[in-house]
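K.L.:
Quick one: the structure is below, questions incoming.
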Amino acid sequence: MTRAPVNKIIPLSLVDGPGNRTSIFLQGCNISCAYCHNPETQAVCNHCGICVSGCPSGALTIVGSRVKWDPEICKLCDQCIKVCPTFASPRVRNMSPEEVFQEIQKNIPFIRGITVSGGECTLYPNFLKELFAIANENGLTCLIDSNGTTDFSRFPELMQLCNGVMLDVKAWDEQIYKKLTVGATNSIVKKNLQYLADCNKLEELRIVCLPGEVDAEAVISGIAQTIGEKACSVRLKLIKFRHYGVKGRLQNTPSPDDAYMQKLLQLAVGFGFEKAVIV
Amino acid sequence: MTNVLEIVTSRKLTYEQKVMSLAHAAEDTLSIMSIPEKARYYFDIKAIDDLYEGHAPYRPRYIMPDYEKFIKNGSEFLRISPPEDLDELLNSLMILYRHVPSITGFPVYLGNIDKLIEPFLEGVSDEEAKKKLRLFLNFLDRTITDSFCHANIGPEPTRAGKLILELEKDLQNAVPNFTLKYDPDITPDDYAELGIYTSLFCANPAICNHKVHKETYSSDYGISSCYNILPIGGGAYTLSRITLPGLAKVATSIDQFLNQLLPECLLELGNYMNQRVSFLVEKSGFFETSFLVKEGLIHPDNFIGMLGITGLAECANLLMGDNGKRYGHDVEADNLADTIMTIISDFAAQFPAKYSKISNGRFMLHAQVGMDYDLGITSGVRIPVGDELENVYDHLRHSARFHRLITTGCGDIFPFETTGRNNPGAILDIVKGAFSLGAKYISFYEENSDLVRITGYLVKRSEMEKYRNEQIVLQGTTHLGAPNYDHNRLENRKVRGV
């Protein structure tokens, strides 16, 4: 059976797509952005056990050679994440699509659909496919929130079941992208942008804006040139960088000012992004 | 007569508030009702509460005039001809509102306001209409100085409704309370979303389950005061309530409460309400003299008596005793609460209510009532503030279960995170879900909003602050709201969102 590491399930989310949705966060990411605001979802726990003895509520134990987490007594104090050499949360459940859906089902009829996020959820394409099939049968729409480094065209069945992708376009210039993500390239992201626009699966585009780190102006014009007239119908979120949750070299970096964000918004509107917003 | 002197010399009341209070004090010097010993006992232990409705009712508590008829016919008594343009319409309404009595001294129902205005907007630009409507709305807010006053919009979308919502967002008025009658089969999503979006700025409008409520009476319904579902062209004679925790405190066992105390107390309450209704109909002369009756804007056949319920949560918790089971959290407590509600509902279904033709000779249940002196008594069937369910869906499922038996007004209030403004569609999804399960009424306000809902009516936090500092405030309901807000720690209401 297909399983995926689930970091958390949020029953009510106002910020992960249209309408009210249940969001599922999978653990593990293939890139490590300097501005990531939930770096504890990047690495997958390697069961080294360093976190176990320091857990104040005794929710972590070693069973066999694996770290076991007891959600019933966990106080969510984050001590385990603080001491982990890779900031990997041990508070992860390995779940089957059926098990995840059992939790989602409790939220019907209050939700319109689900959004699977991460980490990077496309690292688990078969899990997504099976989960979406069940969700579809139950009348829920399914969105993917992705960094776009997985080539979506390789998964036509998944794309059939998925209502849309919320795509992070982090940087346009290859070198800037590499620096931000610590070594990744963005050629697949650009390919996906075209592919998703062509098959009408582009639900939302996101740019985290931080001058000096992100070439937001180039991203806006690059997207516009790639997707053409679709720019007027797709929602573009210009996300103001905030340091909350960020670990590493950007953890004390201030947010860009409102004037800069407004300038980007004007630029986006000028390129035809009628649904551009600052968040 | 100290009370009267206190009113006359008060430094906390406006002139208008003094006049109202003096009228009340005068009425209360009478002893018209004969209150048997048993009923007296239930009054004394605060299980029956007449809500200061006065000792000799001389007007119905809530009146719901047929404003459409007024617009069609004008009024001979007020010497008003049927209005022919927007100015005449708004002016006519302003005049009529002044002459609609109620328990508060002000009109509690202003009509399906969008429907009244819509036909008069033809040929009037948005800009021009907004200027006139702004003056109209501000007149209402500054002269109806009691926020137990309601106007309705929907379920169909109208230009008038849209303009009113846009204005309300900026005006930040406490009066009137607005309710959007919502039916997903009639109301378009974007219109409902505009309503929700507006409520995250000014706590207005609330949203009512039109599909459920339209079945309440054989005729059309309106929402008055702070969520009373009443027949248009009539209203409510009275609202007296059973304060369940008062009764639970003297219970010797659950069994004694259910089989002896509760039925006996309900019977006394029913008889008392009948006395009030009888005096009003037979002795007060209201229905023989009011021009509203003569001109057909109301009819005695369209009035009902509302039997109020409050403190179901604390009652169930008290009866659970030392086992610590809580209403909203434990099956046992909820099942007991359900049994209590069934007993009350069955009582109302068989007890003969006088002069209540439209409700087939029965009193109807209401659960929206809260008084300034309600200390540790949660309004209606709500889960107490501070004890709300973590998951809002579980909370709403619970609401739907307990709204079921209450026919004339029962709702929930949710403060929402500011981010809700970015996605009113998400909040609408939650409303749709709740209404599909049978929840009847939901309202939202933004977590930092100046306007907040107390039990159902709106009060400004800034006004409450003035009142606490012993300053004069325009709206009488601030006097009621501030102590209730403090006693029941409403600032701690669980804020919803992500």
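Labels for the structure tokens follow display order: chains A, B, ..., residues from 1 in each chain, ligands from 1.
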Up to 7 Å from chain B, what residues of chain A turn up? Count only C-alpha atoms and give them as a list in words.
P.N.:
Leu12, Ser13, Leu14, Gly19, Asn20, Asn107, Pro109, Phe110, Ile111 and Arg112 of chain A
K.L.:
For those residues, write N, CA, C and O atoms to a file as a PDB file, in the first residue's frame.
P.N.:
ATOM      1  N   LEU A  12      -9.343  23.321   8.698  1.00  0.00           N
ATOM      2  CA  LEU A  12      -9.923  24.541   8.132  1.00  0.00           C
ATOM      3  C   LEU A  12      -8.797  25.437   7.640  1.00  0.00           C
ATOM      4  O   LEU A  12      -7.982  25.890   8.438  1.00  0.00           O
ATOM      5  N   SER A  13      -8.727  25.651   6.341  1.00  0.00           N
ATOM      6  CA  SER A  13      -7.724  26.573   5.822  1.00  0.00           C
ATOM      7  C   SER A  13      -8.355  27.588   4.893  1.00  0.00           C
ATOM      8  O   SER A  13      -9.053  27.235   3.952  1.00  0.00           O
ATOM      9  N   LEU A  14      -8.093  28.852   5.192  1.00  0.00           N
ATOM     10  CA  LEU A  14      -8.619  29.955   4.375  1.00  0.00           C
ATOM     11  C   LEU A  14      -7.597  30.379   3.335  1.00  0.00           C
ATOM     12  O   LEU A  14      -7.882  31.224   2.506  1.00  0.00           O
ATOM     13  N   GLY A  19     -12.118  28.942  -1.551  1.00  0.00           N
ATOM     14  CA  GLY A  19     -13.058  28.378  -0.580  1.00  0.00           C
ATOM     15  C   GLY A  19     -12.359  27.787   0.631  1.00  0.00           C
ATOM     16  O   GLY A  19     -11.161  27.986   0.847  1.00  0.00           O
ATOM     17  N   ASN A  20     -13.155  27.076   1.401  1.00  0.00           N
ATOM     18  CA  ASN A  20     -12.632  26.465   2.621  1.00  0.00           C
ATOM     19  C   ASN A  20     -12.103  25.080   2.303  1.00  0.00           C
ATOM     20  O   ASN A  20     -12.785  24.289   1.668  1.00  0.00           O
ATOM     21  N   ASN A 107     -14.583  16.548   7.938  1.00  0.00           N
ATOM     22  CA  ASN A 107     -14.774  17.978   7.660  1.00  0.00           C
ATOM     23  C   ASN A 107     -15.834  18.259   6.590  1.00  0.00           C
ATOM     24  O   ASN A 107     -16.138  19.402   6.296  1.00  0.00           O
ATOM     25  N   PRO A 109     -19.678  18.446   5.676  1.00  0.00           N
ATOM     26  CA  PRO A 109     -19.866  19.258   4.466  1.00  0.00           C
ATOM     27  C   PRO A 109     -19.325  20.691   4.565  1.00  0.00           C
ATOM     28  O   PRO A 109     -19.832  21.569   3.882  1.00  0.00           O
ATOM     29  N   PHE A 110     -18.339  20.925   5.380  1.00  0.00           N
ATOM     30  CA  PHE A 110     -17.896  22.305   5.579  1.00  0.00           C
ATOM     31  C   PHE A 110     -16.807  22.745   4.602  1.00  0.00           C
ATOM     32  O   PHE A 110     -16.446  23.911   4.556  1.00  0.00           O
ATOM     33  N   ILE A 111     -16.246  21.771   3.871  1.00  0.00           N
ATOM     34  CA  ILE A 111     -15.130  22.121   2.980  1.00  0.00           C
ATOM     35  C   ILE A 111     -15.511  21.910   1.517  1.00  0.00           C
ATOM     36  O   ILE A 111     -16.383  21.124   1.197  1.00  0.00           O
ATOM     37  N   ARG A 112     -14.823  22.662   0.666  1.00  0.00           N
ATOM     38  CA  ARG A 112     -15.037  22.563  -0.769  1.00  0.00           C
ATOM     39  C   ARG A 112     -14.063  21.544  -1.374  1.00  0.00           C
ATOM     40  O   ARG A 112     -14.330  20.959  -2.397  1.00  0.00           O
TER      41      ARG A 112
END
K.L.:
Residues within 12 Å of Leu180 in chain B, please, as a ChimeraX atom specification. Count only C-alpha atoms; anything in the same chain fewer than 2 positions from it doesn't count.
P.N.:
/B:112-114,150-158,161-162,164-165,177-178,182-184,187,191-196,198-199,204-210,222-223,227,441-443
K.L.:
Please write the residues from the selection above to a file, keeping N, CA and C atoms, as a CSV table (one decimal), in the first residue's frame.
P.N.:
chain,number,residue,atom,x,y,z
B,112,ASN,N,-38.1,44.3,5.0
B,112,ASN,CA,-37.2,43.7,4.0
B,112,ASN,C,-36.7,44.9,3.2
B,113,ILE,N,-35.7,45.6,3.8
B,113,ILE,CA,-35.4,46.9,3.4
B,113,ILE,C,-34.9,47.0,1.9
B,114,ASP,N,-34.2,46.0,1.4
B,114,ASP,CA,-33.7,46.0,0.0
B,114,ASP,C,-34.9,46.0,-0.9
B,150,HIS,N,-33.9,45.7,13.7
B,150,HIS,CA,-33.4,44.8,12.6
B,150,HIS,C,-34.0,45.2,11.2
B,151,ALA,N,-33.1,45.1,10.2
B,151,ALA,CA,-33.6,45.2,8.8
B,151,ALA,C,-33.1,44.0,8.1
B,152,ASN,N,-33.9,43.5,7.1
B,152,ASN,CA,-33.5,42.3,6.4
B,152,ASN,C,-33.2,42.6,5.0
B,153,ILE,N,-32.3,41.7,4.4
B,153,ILE,CA,-32.0,41.8,3.0
B,153,ILE,C,-32.0,40.3,2.5
B,154,GLY,N,-32.1,40.2,1.2
B,154,GLY,CA,-32.1,38.9,0.5
B,154,GLY,C,-33.4,38.2,0.6
B,155,PRO,N,-33.5,36.9,0.2
B,155,PRO,CA,-32.4,36.1,-0.3
B,155,PRO,C,-32.0,36.4,-1.8
B,156,GLU,N,-32.9,37.1,-2.5
B,156,GLU,CA,-32.5,37.5,-3.9
B,156,GLU,C,-31.5,38.7,-3.8
B,157,PRO,N,-30.6,38.7,-4.8
B,157,PRO,CA,-29.7,39.8,-4.8
B,157,PRO,C,-30.4,41.0,-5.4
B,158,THR,N,-30.1,42.2,-4.8
B,158,THR,CA,-30.7,43.4,-5.3
B,158,THR,C,-29.6,44.5,-5.4
B,161,GLY,N,-29.7,46.2,-2.0
B,161,GLY,CA,-28.9,45.4,-0.9
B,161,GLY,C,-27.4,45.6,-1.1
B,162,LYS,N,-27.0,45.6,-2.3
B,162,LYS,CA,-25.5,45.8,-2.5
B,162,LYS,C,-25.0,47.2,-2.1
B,164,ILE,N,-26.4,49.1,0.1
B,164,ILE,CA,-26.5,49.2,1.6
B,164,ILE,C,-25.3,48.5,2.3
B,165,LEU,N,-25.0,47.3,1.7
B,165,LEU,CA,-23.8,46.6,2.3
B,165,LEU,C,-22.5,47.4,2.1
B,177,ASN,N,-29.5,46.4,13.0
B,177,ASN,CA,-28.9,45.1,12.8
B,177,ASN,C,-29.4,44.6,11.4
B,178,PHE,N,-28.5,44.0,10.6
B,178,PHE,CA,-28.9,43.5,9.3
B,178,PHE,C,-28.8,42.0,9.3
B,182,TYR,N,-30.5,33.8,3.7
B,182,TYR,CA,-29.6,33.1,2.7
B,182,TYR,C,-30.2,31.7,2.3
B,183,ASP,N,-30.3,31.5,1.0
B,183,ASP,CA,-30.7,30.2,0.5
B,183,ASP,C,-29.7,29.9,-0.6
B,184,PRO,N,-28.9,28.9,-0.5
B,184,PRO,CA,-27.9,28.6,-1.6
B,184,PRO,C,-28.6,28.4,-3.0
B,187,THR,N,-29.7,32.6,-3.5
B,187,THR,CA,-28.7,33.7,-3.3
B,187,THR,C,-27.4,33.3,-4.0
B,191,TYR,N,-22.9,37.4,-4.0
B,191,TYR,CA,-23.8,38.2,-3.1
B,191,TYR,C,-23.6,37.8,-1.6
B,192,ALA,N,-23.7,36.5,-1.4
B,192,ALA,CA,-23.5,36.1,0.0
B,192,ALA,C,-22.1,36.4,0.5
B,193,GLU,N,-21.1,36.3,-0.4
B,193,GLU,CA,-19.7,36.6,0.0
B,193,GLU,C,-19.6,38.1,0.3
B,194,LEU,N,-20.3,38.9,-0.5
B,194,LEU,CA,-20.2,40.4,-0.1
B,194,LEU,C,-20.8,40.6,1.3
B,195,GLY,N,-21.8,39.9,1.6
B,195,GLY,CA,-22.4,40.0,3.0
B,195,GLY,C,-21.4,39.6,4.0
B,196,ILE,N,-20.7,38.4,3.8
B,196,ILE,CA,-19.8,37.9,4.8
B,196,ILE,C,-18.6,38.9,4.9
B,198,THR,N,-18.5,42.0,4.3
B,198,THR,CA,-19.0,43.2,5.0
B,198,THR,C,-19.0,43.0,6.5
B,199,SER,N,-19.5,41.8,6.9
B,199,SER,CA,-19.6,41.5,8.3
B,199,SER,C,-18.2,41.5,9.0
B,204,ASN,N,-22.0,43.2,10.5
B,204,ASN,CA,-23.3,43.2,9.8
B,204,ASN,C,-23.1,42.8,8.4
B,205,PRO,N,-23.9,42.0,7.8
B,205,PRO,CA,-25.1,41.4,8.3
B,205,PRO,C,-24.8,40.0,8.9
B,206,ALA,N,-25.8,39.5,9.7
B,206,ALA,CA,-25.8,38.1,10.1
B,206,ALA,C,-26.4,37.3,9.0
B,207,ILE,N,-26.3,36.0,9.1
B,207,ILE,CA,-26.9,35.2,8.0
B,207,ILE,C,-27.9,34.2,8.5
B,208,CYS,N,-29.1,34.2,7.9
B,208,CYS,CA,-30.1,33.3,8.4
B,208,CYS,C,-30.4,32.2,7.4
B,209,ASN,N,-30.8,31.1,7.9
B,209,ASN,CA,-31.1,29.9,7.0
B,209,ASN,C,-32.5,30.1,6.5
B,210,HIS,N,-32.6,30.7,5.3
B,210,HIS,CA,-33.9,31.0,4.7
B,210,HIS,C,-34.7,29.7,4.5
B,222,GLY,N,-40.1,37.7,9.0
B,222,GLY,CA,-39.0,38.7,9.1
B,222,GLY,C,-38.2,38.5,10.3
B,223,ILE,N,-37.1,39.1,10.4
B,223,ILE,CA,-36.2,39.0,11.6
B,223,ILE,C,-36.2,40.3,12.3
B,227,TYR,N,-32.7,38.8,16.6
B,227,TYR,CA,-32.9,37.5,15.9
B,227,TYR,C,-34.2,36.9,16.3
B,441,TYR,N,-28.8,30.0,12.2
B,441,TYR,CA,-28.4,31.5,12.1
B,441,TYR,C,-26.9,31.6,12.5
B,442,ILE,N,-26.2,32.3,11.8
B,442,ILE,CA,-24.7,32.4,12.1
B,442,ILE,C,-24.3,33.9,11.9
B,443,SER,N,-23.5,34.4,12.8
B,443,SER,CA,-23.0,35.7,12.5
B,443,SER,C,-21.5,35.7,12.8
K.L.:
For the strand (DSSP E) assignment from backbone DSSP, which residues of range 91-309 of chain B qualify? Please present them as a PDB file with C-alpha atoms, in the first residue's frame.
P.N.:
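Saved to selection.pdb:
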ATOM      1  CA  TYR B 109     -38.239  45.718  12.614  1.00  0.00           C
ATOM      2  CA  LEU B 110     -37.598  47.972   9.631  1.00  0.00           C
ATOM      3  CA  GLY B 111     -38.698  45.587   6.894  1.00  0.00           C
ATOM      4  CA  ASN B 112     -37.153  43.700   3.998  1.00  0.00           C
ATOM      5  CA  HIS B 150     -33.417  44.843  12.608  1.00  0.00           C
ATOM      6  CA  ALA B 151     -33.606  45.192   8.835  1.00  0.00           C
ATOM      7  CA  ASN B 152     -33.519  42.277   6.410  1.00  0.00           C
ATOM      8  CA  ILE B 153     -31.979  41.774   2.991  1.00  0.00           C
ATOM      9  CA  ASN B 177     -28.890  45.058  12.798  1.00  0.00           C
ATOM     10  CA  PHE B 178     -28.950  43.505   9.319  1.00  0.00           C
ATOM     11  CA  THR B 179     -29.686  39.913   8.443  1.00  0.00           C
ATOM     12  CA  LEU B 180     -29.109  38.383   5.060  1.00  0.00           C
ATOM     13  CA  LYS B 181     -31.740  35.750   4.395  1.00  0.00           C
ATOM     14  CA  TYR B 182     -29.631  33.113   2.705  1.00  0.00           C
ATOM     15  CA  ALA B 206     -25.774  38.134  10.135  1.00  0.00           C
ATOM     16  CA  ILE B 207     -26.875  35.197   7.985  1.00  0.00           C
ATOM     17  CA  CYS B 208     -30.074  33.259   8.437  1.00  0.00           C
ATOM     18  CA  ASN B 209     -31.072  29.910   7.023  1.00  0.00           C
ATOM     19  CA  TYR B 221     -41.383  35.968   8.041  1.00  0.00           C
ATOM     20  CA  GLY B 222     -39.050  38.729   9.073  1.00  0.00           C
ATOM     21  CA  ILE B 223     -36.207  38.976  11.559  1.00  0.00           C
ATOM     22  CA  SER B 224     -36.606  41.580  14.271  1.00  0.00           C
ATOM     23  CA  ASN B 228     -36.574  36.909  16.334  1.00  0.00           C
ATOM     24  CA  ILE B 229     -38.203  35.021  13.506  1.00  0.00           C
ATOM     25  CA  LEU B 230     -41.718  36.483  13.419  1.00  0.00           C
ATOM     26  CA  PRO B 231     -44.655  36.749  11.007  1.00  0.00           C
ATOM     27  CA  GLY B 234     -47.913  40.722  13.225  1.00  0.00           C
ATOM     28  CA  GLY B 235     -45.156  40.055  15.715  1.00  0.00           C
ATOM     29  CA  ALA B 236     -44.710  38.869  19.277  1.00  0.00           C
ATOM     30  CA  TYR B 237     -46.970  39.796  22.173  1.00  0.00           C
ATOM     31  CA  THR B 238     -44.413  38.816  24.748  1.00  0.00           C
ATOM     32  CA  LEU B 239     -41.178  37.013  25.493  1.00  0.00           C
ATOM     33  CA  SER B 240     -40.778  35.471  28.905  1.00  0.00           C
ATOM     34  CA  ARG B 241     -38.081  32.993  29.619  1.00  0.00           C
ATOM     35  CA  ILE B 242     -37.146  29.985  31.610  1.00  0.00           C
ATOM     36  CA  THR B 243     -33.675  30.453  33.051  1.00  0.00           C
ATOM     37  CA  PHE B 303     -49.080  37.646  16.797  1.00  0.00           C
ATOM     38  CA  ILE B 304     -47.480  34.919  18.884  1.00  0.00           C
ATOM     39  CA  GLY B 305     -45.981  34.524  22.346  1.00  0.00           C
ATOM     40  CA  MET B 306     -42.342  33.515  22.568  1.00  0.00           C
ATOM     41  CA  LEU B 307     -41.169  31.200  25.283  1.00  0.00           C
ATOM     42  CA  GLY B 308     -37.491  31.917  25.850  1.00  0.00           C
ATOM     43  CA  ILE B 309     -34.867  29.443  26.939  1.00  0.00           C
TER      44      ILE B 309
END
K.L.:
Tell me, in Å to one decimal, how far CA of Ser65 in chain A is from CA of Tyr124 in chain A.
P.N.:
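According to the coordinates, CA of Ser65 in chain A and CA of Tyr124 in chain A are separated by 24.3 Å.
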K.L.:
I want to know what sits within 9 Å of Val459 in chain B, based on only C-alpha atoms, with residues of the same chain fewer than 4 positions away left out; could you give that as a list in words?
P.N.:
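Listed by chain and then number, they are Ser147, Ala174, Asp450, Leu451, Val452, Arg453, Ile454, Glu463, Met464, Gln475, Thr477, Thr478, Gly481 and Ala482 of chain B.
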K.L.:
Need to verify the contact set: Ala88 in chain A, 8 Å, only C-alpha atoms, exclusion of same-chain residues closer than 2 positions in sequence. Can you return it as a list of chain:residue names?
P.N.:
A:Pro39, A:Glu40, A:Thr41, A:Gln42, A:Ala43, A:Val44, A:Cys45, A:Ile81, A:Cys84, A:Pro85, A:Thr86, A:Pro90
K.L.:
Taking only C-alpha atoms into account, name the residue in A:Ile176, A:Ala133, A:Ser233, A:Leu205 that is nearest to Gly148 in chain A.
P.N.:
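When distances to Gly148 in chain A are compared using only C-alpha atoms, the smallest one comes from A:Leu205.
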K.L.:
Pick out the residues sitting within 8 Å of range 282-286 of chain B, and hand them over as an NGL selection string; count only C-alpha atoms, and ignore anything fewer than 2 positions along from it in its own chain.
P.N.:
:B and (57-59 or 278-280 or 288-290)
K.L.:
Name the residues of range 37-133 of chain A that fall into alpha helix (DSSP H) according to DSSP on the backbone, using the chain letters and numbers of this document, as a list of chain:residue names.
P.N.:
A:Gln79, A:Cys80, A:Ile81, A:Lys82, A:Val83, A:Pro97, A:Glu98, A:Glu99, A:Val100, A:Phe101, A:Gln102, A:Glu103, A:Ile104, A:Gln105, A:Pro125, A:Asn126, A:Phe127, A:Leu128, A:Lys129, A:Glu130, A:Leu131, A:Phe132, A:Ala133
K.L.:
Kindly save the residues from that selection, with C-alpha atoms included, as a PDB file, in the first residue's frame.
P.N.:
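The resulting file, part.pdb, is reproduced below:
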ATOM      1  CA  GLN A  79      11.827  21.053  21.557  1.00  0.00           C
ATOM      2  CA  CYS A  80      12.490  18.023  19.292  1.00  0.00           C
ATOM      3  CA  ILE A  81      12.765  20.225  16.229  1.00  0.00           C
ATOM      4  CA  LYS A  82      15.112  22.639  18.003  1.00  0.00           C
ATOM      5  CA  VAL A  83      17.628  19.893  18.879  1.00  0.00           C
ATOM      6  CA  PRO A  97      -4.483   7.613   1.442  1.00  0.00           C
ATOM      7  CA  GLU A  98      -7.453   5.853   3.087  1.00  0.00           C
ATOM      8  CA  GLU A  99      -6.280   6.836   6.562  1.00  0.00           C
ATOM      9  CA  VAL A 100      -5.767  10.442   5.500  1.00  0.00           C
ATOM     10  CA  PHE A 101      -9.196  10.503   3.925  1.00  0.00           C
ATOM     11  CA  GLN A 102     -10.803   9.240   7.116  1.00  0.00           C
ATOM     12  CA  GLU A 103      -9.599  12.458   8.736  1.00  0.00           C
ATOM     13  CA  ILE A 104     -10.672  14.615   5.816  1.00  0.00           C
ATOM     14  CA  GLN A 105     -14.126  13.068   5.812  1.00  0.00           C
ATOM     15  CA  PRO A 125       2.863  11.091  -6.739  1.00  0.00           C
ATOM     16  CA  ASN A 126       1.250   7.679  -6.247  1.00  0.00           C
ATOM     17  CA  PHE A 127      -0.017   8.651  -2.813  1.00  0.00           C
ATOM     18  CA  LEU A 128      -1.489  11.839  -4.286  1.00  0.00           C
ATOM     19  CA  LYS A 129      -3.130   9.910  -7.081  1.00  0.00           C
ATOM     20  CA  GLU A 130      -4.839   7.490  -4.717  1.00  0.00           C
ATOM     21  CA  LEU A 131      -5.881  10.202  -2.257  1.00  0.00           C
ATOM     22  CA  PHE A 132      -7.304  12.403  -5.029  1.00  0.00           C
ATOM     23  CA  ALA A 133      -9.269   9.503  -6.478  1.00  0.00           C
TER      24      ALA A 133
END
K.L.:
Neighbours of Glu274 in chain A within 7 Å (only C-alpha atoms; same-chain residues fewer than 2 positions away dropped), as an NGL selection string?
P.N.:
:A and (232-233 or 269 or 272 or 276)
K.L.:
Hey, can you spit out that residue selection with N, CA, C and O atoms as a PDB file, in the first residue's frame?
P.N.:
ATOM      1  N   CYS A 232      -4.223  36.995 -17.327  1.00  0.00           N
ATOM      2  CA  CYS A 232      -5.353  37.776 -16.836  1.00  0.00           C
ATOM      3  C   CYS A 232      -6.326  36.936 -15.992  1.00  0.00           C
ATOM      4  O   CYS A 232      -7.125  37.473 -15.239  1.00  0.00           O
ATOM      5  N   SER A 233      -6.250  35.618 -16.095  1.00  0.00           N
ATOM      6  CA  SER A 233      -7.217  34.805 -15.362  1.00  0.00           C
ATOM      7  C   SER A 233      -6.625  34.078 -14.153  1.00  0.00           C
ATOM      8  O   SER A 233      -7.351  33.590 -13.300  1.00  0.00           O
ATOM      9  N   VAL A 269       0.240  44.171 -12.635  1.00  0.00           N
ATOM     10  CA  VAL A 269      -0.985  44.638 -13.291  1.00  0.00           C
ATOM     11  C   VAL A 269      -0.662  45.092 -14.721  1.00  0.00           C
ATOM     12  O   VAL A 269      -1.394  44.806 -15.659  1.00  0.00           O
ATOM     13  N   GLY A 272      -0.627  42.486 -17.148  1.00  0.00           N
ATOM     14  CA  GLY A 272      -1.922  41.849 -17.415  1.00  0.00           C
ATOM     15  C   GLY A 272      -2.413  40.919 -16.321  1.00  0.00           C
ATOM     16  O   GLY A 272      -3.432  40.248 -16.486  1.00  0.00           O
ATOM     17  N   ALA A 276      -3.773  39.867  -9.471  1.00  0.00           N
ATOM     18  CA  ALA A 276      -2.590  39.913  -8.608  1.00  0.00           C
ATOM     19  C   ALA A 276      -2.963  40.503  -7.254  1.00  0.00           C
ATOM     20  O   ALA A 276      -3.723  41.461  -7.181  1.00  0.00           O
TER      21      ALA A 276
END
K.L.:
Please compute the CA of Thr61 in chain A-CA of Ile24 in chain A distance, one decimal, in Å.
P.N.:
25.1 Å
K.L.:
Fewer than 2 positions away in the same chain doesn't count, so skip those; otherwise give me all residues within 7 Å of range 28-44 of chain B, counting only C-alpha atoms, as a PDB file with C-alpha atoms, in the first residue's frame.
P.N.:
ATOM      1  CA  HIS B  24     -41.242  51.789  32.797  1.00  0.00           C
ATOM      2  CA  ALA B  25     -41.175  52.696  36.476  1.00  0.00           C
ATOM      3  CA  ALA B  26     -44.729  54.061  36.237  1.00  0.00           C
ATOM      4  CA  LYS B  46     -34.858  33.201  39.057  1.00  0.00           C
ATOM      5  CA  ALA B  47     -36.111  30.267  37.007  1.00  0.00           C
ATOM      6  CA  ILE B  48     -38.852  32.386  35.426  1.00  0.00           C
ATOM      7  CA  ASP B  49     -37.903  35.816  34.190  1.00  0.00           C
ATOM      8  CA  GLY B  54     -43.386  45.600  32.455  1.00  0.00           C
ATOM      9  CA  HIS B  55     -46.263  44.781  34.793  1.00  0.00           C
ATOM     10  CA  ALA B  56     -49.073  45.946  32.499  1.00  0.00           C
ATOM     11  CA  CYS B 265     -42.105  25.532  36.027  1.00  0.00           C
ATOM     12  CA  GLU B 268     -46.421  28.318  35.552  1.00  0.00           C
ATOM     13  CA  GLN B 275     -52.058  36.381  31.466  1.00  0.00           C
TER      14      GLN B 275
END
K.L.:
Enter the distance from CA of Gly113 in chain A to CA of Thr22 in chain A, in Å, rounded to one decimal.
P.N.:
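Between these atoms lies a distance of 6.6 Å.
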